[in-house]
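Novice: Provided herewith: upload13.cif, mmCIF, C-alpha atoms.
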```cif
data_run
loop_
_atom_site.label_atom_id
_atom_site.label_comp_id
_atom_site.auth_asym_id
_atom_site.auth_seq_id
_atom_site.Cartn_x
_atom_site.Cartn_y
_atom_site.Cartn_z
CA MET A 276 51.07 5.96 -6.07
CA ALA A 277 48.94 8.96 -5.25
CA SER A 278 45.61 9.13 -6.98
CA ASN A 279 44.30 12.27 -8.56
CA GLU A 280 41.78 13.10 -11.25
CA ALA A 281 44.28 12.56 -14.09
CA THR A 282 45.27 9.08 -12.92
CA LYS A 283 41.65 8.14 -12.28
CA LYS A 284 40.81 8.93 -15.90
CA ALA A 285 43.89 7.13 -17.26
CA ASP A 286 43.78 4.06 -14.98
CA PRO A 287 42.39 1.15 -17.06
CA ALA A 288 41.95 -1.06 -13.98
CA ARG A 289 39.17 1.15 -12.67
CA THR A 290 35.64 0.42 -13.80
CA PRO A 291 33.82 3.29 -15.41
CA GLN A 292 30.68 2.73 -13.34
CA ARG A 293 30.23 1.66 -9.77
CA GLY A 294 27.29 -0.36 -8.58
CA SER A 295 25.00 -2.14 -10.98
CA VAL A 296 26.11 -2.29 -14.59
CA THR A 297 22.61 -2.25 -16.01
CA PRO A 298 21.05 1.20 -16.10
CA THR A 299 17.77 1.73 -14.31
CA PRO A 300 14.76 1.85 -16.61
CA PRO A 301 13.12 5.26 -17.02
CA ARG A 302 10.00 5.94 -15.00
CA ALA A 303 6.70 5.39 -16.70
CA THR A 304 4.90 8.65 -17.24
CA PRO A 305 1.43 8.82 -15.72
CA PRO A 306 -1.44 9.09 -18.17
CA ALA A 307 -2.38 12.64 -19.04
CA ARG A 308 -5.49 13.87 -17.29
CA PRO A 309 -8.05 15.64 -19.39
CA ALA A 310 -8.37 19.34 -18.69
CA PRO A 311 -11.18 20.08 -16.22
CA LYS A 312 -14.30 21.58 -17.73
CA ARG A 313 -14.48 25.29 -17.02
CA VAL A 314 -17.73 26.47 -15.49
CA GLY A 315 -19.15 29.90 -14.89
CA PRO A 316 -19.47 31.51 -11.44
CA PHE A 317 -23.16 30.59 -11.04
CA GLU A 318 -22.51 26.94 -11.90
CA PHE A 319 -19.56 26.95 -9.48
CA LEU A 320 -21.74 28.30 -6.65
CA ALA A 321 -24.39 25.68 -7.42
CA GLN A 322 -21.70 22.95 -7.19
CA VAL A 323 -20.47 24.38 -3.89
CA ARG A 324 -24.03 24.33 -2.51
CA ASP A 325 -24.47 20.71 -3.63
CA GLU A 326 -21.19 19.69 -1.95
CA GLY A 327 -22.25 21.52 1.22
CA ARG A 328 -25.39 19.41 1.35
CA LYS A 329 -23.29 16.22 1.30
CA VAL A 330 -21.40 17.23 4.46
CA THR A 331 -22.39 15.55 7.71
CA TRP A 332 -22.64 18.50 10.07
CA PRO A 333 -22.16 17.96 13.82
CA THR A 334 -25.07 18.48 16.16
CA ARG A 335 -25.11 21.31 18.68
CA LYS A 336 -24.35 18.83 21.48
CA GLU A 337 -21.31 17.39 19.61
CA THR A 338 -19.99 20.89 18.96
CA THR A 339 -20.43 21.88 22.62
CA VAL A 340 -18.71 18.74 23.93
CA THR A 341 -15.81 19.16 21.49
CA THR A 342 -15.39 22.83 22.44
CA ILE A 343 -15.34 21.99 26.16
CA MET A 344 -12.75 19.26 25.55
CA VAL A 345 -10.55 21.73 23.65
CA PHE A 346 -10.68 24.18 26.55
CA ILE A 347 -9.88 21.42 29.06
CA MET A 348 -6.88 20.31 26.98
CA VAL A 349 -5.63 23.90 26.68
CA VAL A 350 -5.79 24.33 30.46
CA ALA A 351 -4.08 20.96 31.06
CA ALA A 352 -1.31 21.75 28.57
CA SER A 353 -0.72 25.21 30.04
CA VAL A 354 -0.49 23.79 33.58
CA PHE A 355 1.91 21.07 32.38
CA PHE A 356 4.20 23.50 30.55
CA THR A 357 4.13 25.93 33.48
CA LEU A 358 5.26 23.18 35.84
CA VAL A 359 7.99 22.01 33.46
CA ASP A 360 9.17 25.60 32.97
CA GLN A 361 9.34 26.20 36.72
CA ALA A 362 11.22 22.92 37.30
CA LEU A 363 13.76 23.77 34.59
CA ARG A 364 14.16 27.30 35.99
CA TYR A 365 14.86 25.84 39.43
CA LEU A 366 17.41 23.36 38.05
CA VAL A 367 19.23 26.02 36.02
CA THR A 368 19.32 28.32 39.06
CA LEU A 369 20.63 25.46 41.19
CA ILE A 370 23.34 24.49 38.68
CA LEU A 371 24.48 27.95 37.59
CA GLY A 372 23.72 29.84 40.79
CA VAL A 373 22.31 32.85 38.94
CA GLY A 374 18.96 34.55 39.01
CA ALA A 375 18.36 34.17 42.70
#
```
As a first step, turn the structure in this file into structure tokens.

Specialist:
Amino acid sequence: MASNEATKKADPARTPQRGSVTPTPPRATPPARPAPKRVGPFEFLAQVRDEGRKVTWPTRKETTVTTIMVFIMVVAASVFFTLVDQALRYLVTLILGVGA
């Protein structure tokens, strides 16, 4: 017998739910956070200045070494991608025979 929506609803042999019979418990709601205290612009700037003092700033030598390493990695990546691009161009030209 072919099954369609009408026979699915009328078929008593079918179970109404598939999978586990027990429903999943609802999620626990997280506790409500209190609203943050609003501060004026001068208090905000004072807090920003205090947070800036907590930052561990790099030395001039650390900044220079990091900058040089970034430039070296940029050059290495550009050389790598240039070589890969040229190899793929050669293979496509070899396979398709176009662009020569």

Novice: Please measure the separation of atom CA of Gln322 of chain A and atom CA of Glu337 of chain A, giving the value in Å to one decimal.

Specialist: 27.4 Å

Novice: Report the distance between atom CA of Arg335 of chain A and atom CA of Ala351 of chain A in Å, rounded to one decimal place.

Specialist: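 Atom-to-atom, atom CA of Arg335 of chain A to atom CA of Ala351 of chain A, that is 24.4 Å.
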
Novice: Using atom CA of Trp332 of chain A and atom CA of Phe319 of chain A as the two end points, give the distance in Å to one decimal.

Specialist: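 Between atom CA of Trp332 of chain A and atom CA of Phe319 of chain A the gap works out to 21.5 Å.
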
Novice: For segment 309-320 of chain A, where the input has fewer atoms than it should, I would like all heavy atoms rebuilt and written as a PDB file, keeping the file's coordinate frame.

Specialist:
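Printed below is out36.pdb as written:
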```pdb
ATOM      1  N   PRO A 309      -7.383  14.643 -18.542  1.00  0.00           N
ATOM      2  CA  PRO A 309      -8.050  15.640 -19.390  1.00  0.00           C
ATOM      3  C   PRO A 309      -8.229  16.944 -18.618  1.00  0.00           C
ATOM      4  O   PRO A 309      -8.351  16.956 -17.401  1.00  0.00           O
ATOM      5  CB  PRO A 309      -9.401  14.996 -19.716  1.00  0.00           C
ATOM      6  CG  PRO A 309      -9.615  14.006 -18.629  1.00  0.00           C
ATOM      7  CD  PRO A 309      -8.247  13.548 -18.198  1.00  0.00           C
ATOM      8  N   ALA A 310      -8.209  18.035 -19.330  1.00  0.00           N
ATOM      9  CA  ALA A 310      -8.370  19.340 -18.690  1.00  0.00           C
ATOM     10  C   ALA A 310      -9.764  19.427 -18.077  1.00  0.00           C
ATOM     11  O   ALA A 310     -10.750  18.982 -18.674  1.00  0.00           O
ATOM     12  CB  ALA A 310      -8.196  20.448 -19.726  1.00  0.00           C
ATOM     13  N   PRO A 311      -9.855  19.964 -16.838  1.00  0.00           N
ATOM     14  CA  PRO A 311     -11.180  20.080 -16.220  1.00  0.00           C
ATOM     15  C   PRO A 311     -12.061  21.057 -16.991  1.00  0.00           C
ATOM     16  O   PRO A 311     -11.586  22.049 -17.539  1.00  0.00           O
ATOM     17  CB  PRO A 311     -10.881  20.596 -14.815  1.00  0.00           C
ATOM     18  CG  PRO A 311      -9.532  21.203 -14.893  1.00  0.00           C
ATOM     19  CD  PRO A 311      -8.801  20.502 -16.001  1.00  0.00           C
ATOM     20  N   LYS A 312     -13.353  20.724 -17.017  1.00  0.00           N
ATOM     21  CA  LYS A 312     -14.300  21.580 -17.730  1.00  0.00           C
ATOM     22  C   LYS A 312     -14.465  22.886 -16.973  1.00  0.00           C
ATOM     23  O   LYS A 312     -14.685  22.900 -15.759  1.00  0.00           O
ATOM     24  CB  LYS A 312     -15.632  20.846 -17.823  1.00  0.00           C
ATOM     25  CG  LYS A 312     -16.670  21.574 -18.658  1.00  0.00           C
ATOM     26  CD  LYS A 312     -17.947  20.776 -18.717  1.00  0.00           C
ATOM     27  CE  LYS A 312     -18.975  21.534 -17.906  1.00  0.00           C
ATOM     28  NZ  LYS A 312     -20.266  20.908 -17.856  1.00  0.00           N
ATOM     29  N   ARG A 313     -14.334  23.976 -17.656  1.00  0.00           N
ATOM     30  CA  ARG A 313     -14.480  25.290 -17.020  1.00  0.00           C
ATOM     31  C   ARG A 313     -15.976  25.604 -16.900  1.00  0.00           C
ATOM     32  O   ARG A 313     -16.748  25.377 -17.822  1.00  0.00           O
ATOM     33  CB  ARG A 313     -13.781  26.360 -17.836  1.00  0.00           C
ATOM     34  CG  ARG A 313     -12.277  26.160 -17.862  1.00  0.00           C
ATOM     35  CD  ARG A 313     -11.600  27.273 -18.585  1.00  0.00           C
ATOM     36  NE  ARG A 313     -11.826  28.534 -17.916  1.00  0.00           N
ATOM     37  CZ  ARG A 313     -10.920  29.197 -17.221  1.00  0.00           C
ATOM     38  NH1 ARG A 313      -9.722  28.703 -17.110  1.00  0.00           N
ATOM     39  NH2 ARG A 313     -11.193  30.339 -16.656  1.00  0.00           N
ATOM     40  N   VAL A 314     -16.332  26.114 -15.725  1.00  0.00           N
ATOM     41  CA  VAL A 314     -17.730  26.470 -15.490  1.00  0.00           C
ATOM     42  C   VAL A 314     -17.796  27.939 -15.095  1.00  0.00           C
ATOM     43  O   VAL A 314     -16.828  28.519 -14.612  1.00  0.00           O
ATOM     44  CB  VAL A 314     -18.363  25.595 -14.385  1.00  0.00           C
ATOM     45  CG1 VAL A 314     -18.416  24.144 -14.818  1.00  0.00           C
ATOM     46  CG2 VAL A 314     -17.619  25.723 -13.098  1.00  0.00           C
ATOM     47  N   GLY A 315     -18.950  28.509 -15.260  1.00  0.00           N
ATOM     48  CA  GLY A 315     -19.150  29.900 -14.890  1.00  0.00           C
ATOM     49  C   GLY A 315     -19.328  30.041 -13.381  1.00  0.00           C
ATOM     50  O   GLY A 315     -19.462  29.055 -12.648  1.00  0.00           O
ATOM     51  N   PRO A 316     -19.361  31.288 -12.890  1.00  0.00           N
ATOM     52  CA  PRO A 316     -19.470  31.510 -11.440  1.00  0.00           C
ATOM     53  C   PRO A 316     -20.783  30.986 -10.849  1.00  0.00           C
ATOM     54  O   PRO A 316     -20.798  30.482  -9.724  1.00  0.00           O
ATOM     55  CB  PRO A 316     -19.355  33.022 -11.287  1.00  0.00           C
ATOM     56  CG  PRO A 316     -19.575  33.594 -12.636  1.00  0.00           C
ATOM     57  CD  PRO A 316     -19.231  32.531 -13.626  1.00  0.00           C
ATOM     58  N   PHE A 317     -21.875  31.060 -11.579  1.00  0.00           N
ATOM     59  CA  PHE A 317     -23.160  30.590 -11.040  1.00  0.00           C
ATOM     60  C   PHE A 317     -23.177  29.067 -10.942  1.00  0.00           C
ATOM     61  O   PHE A 317     -23.657  28.498  -9.954  1.00  0.00           O
ATOM     62  CB  PHE A 317     -24.326  31.091 -11.890  1.00  0.00           C
ATOM     63  CG  PHE A 317     -24.465  32.592 -11.857  1.00  0.00           C
ATOM     64  CD1 PHE A 317     -24.178  33.361 -12.966  1.00  0.00           C
ATOM     65  CD2 PHE A 317     -24.856  33.234 -10.686  1.00  0.00           C
ATOM     66  CE1 PHE A 317     -24.287  34.737 -12.921  1.00  0.00           C
ATOM     67  CE2 PHE A 317     -24.971  34.617 -10.633  1.00  0.00           C
ATOM     68  CZ  PHE A 317     -24.673  35.367 -11.756  1.00  0.00           C
ATOM     69  N   GLU A 318     -22.617  28.396 -11.953  1.00  0.00           N
ATOM     70  CA  GLU A 318     -22.510  26.940 -11.900  1.00  0.00           C
ATOM     71  C   GLU A 318     -21.588  26.509 -10.767  1.00  0.00           C
ATOM     72  O   GLU A 318     -21.847  25.530 -10.065  1.00  0.00           O
ATOM     73  CB  GLU A 318     -21.995  26.402 -13.244  1.00  0.00           C
ATOM     74  CG  GLU A 318     -21.802  24.899 -13.282  1.00  0.00           C
ATOM     75  CD  GLU A 318     -23.107  24.135 -13.221  1.00  0.00           C
ATOM     76  OE1 GLU A 318     -24.159  24.689 -13.564  1.00  0.00           O
ATOM     77  OE2 GLU A 318     -23.060  22.959 -12.805  1.00  0.00           O
ATOM     78  N   PHE A 319     -20.498  27.247 -10.565  1.00  0.00           N
ATOM     79  CA  PHE A 319     -19.560  26.950  -9.480  1.00  0.00           C
ATOM     80  C   PHE A 319     -20.269  27.064  -8.127  1.00  0.00           C
ATOM     81  O   PHE A 319     -20.141  26.182  -7.274  1.00  0.00           O
ATOM     82  CB  PHE A 319     -18.371  27.909  -9.538  1.00  0.00           C
ATOM     83  CG  PHE A 319     -17.444  27.773  -8.370  1.00  0.00           C
ATOM     84  CD1 PHE A 319     -16.578  26.694  -8.265  1.00  0.00           C
ATOM     85  CD2 PHE A 319     -17.442  28.714  -7.354  1.00  0.00           C
ATOM     86  CE1 PHE A 319     -15.731  26.560  -7.185  1.00  0.00           C
ATOM     87  CE2 PHE A 319     -16.601  28.593  -6.271  1.00  0.00           C
ATOM     88  CZ  PHE A 319     -15.743  27.506  -6.189  1.00  0.00           C
ATOM     89  N   LEU A 320     -21.020  28.125  -7.912  1.00  0.00           N
ATOM     90  CA  LEU A 320     -21.740  28.300  -6.650  1.00  0.00           C
ATOM     91  C   LEU A 320     -22.789  27.202  -6.447  1.00  0.00           C
ATOM     92  O   LEU A 320     -22.994  26.737  -5.321  1.00  0.00           O
ATOM     93  CB  LEU A 320     -22.384  29.677  -6.584  1.00  0.00           C
ATOM     94  CG  LEU A 320     -21.397  30.846  -6.463  1.00  0.00           C
ATOM     95  CD1 LEU A 320     -22.123  32.180  -6.537  1.00  0.00           C
ATOM     96  CD2 LEU A 320     -20.618  30.729  -5.166  1.00  0.00           C
TER      97      LEU A 320
END
```
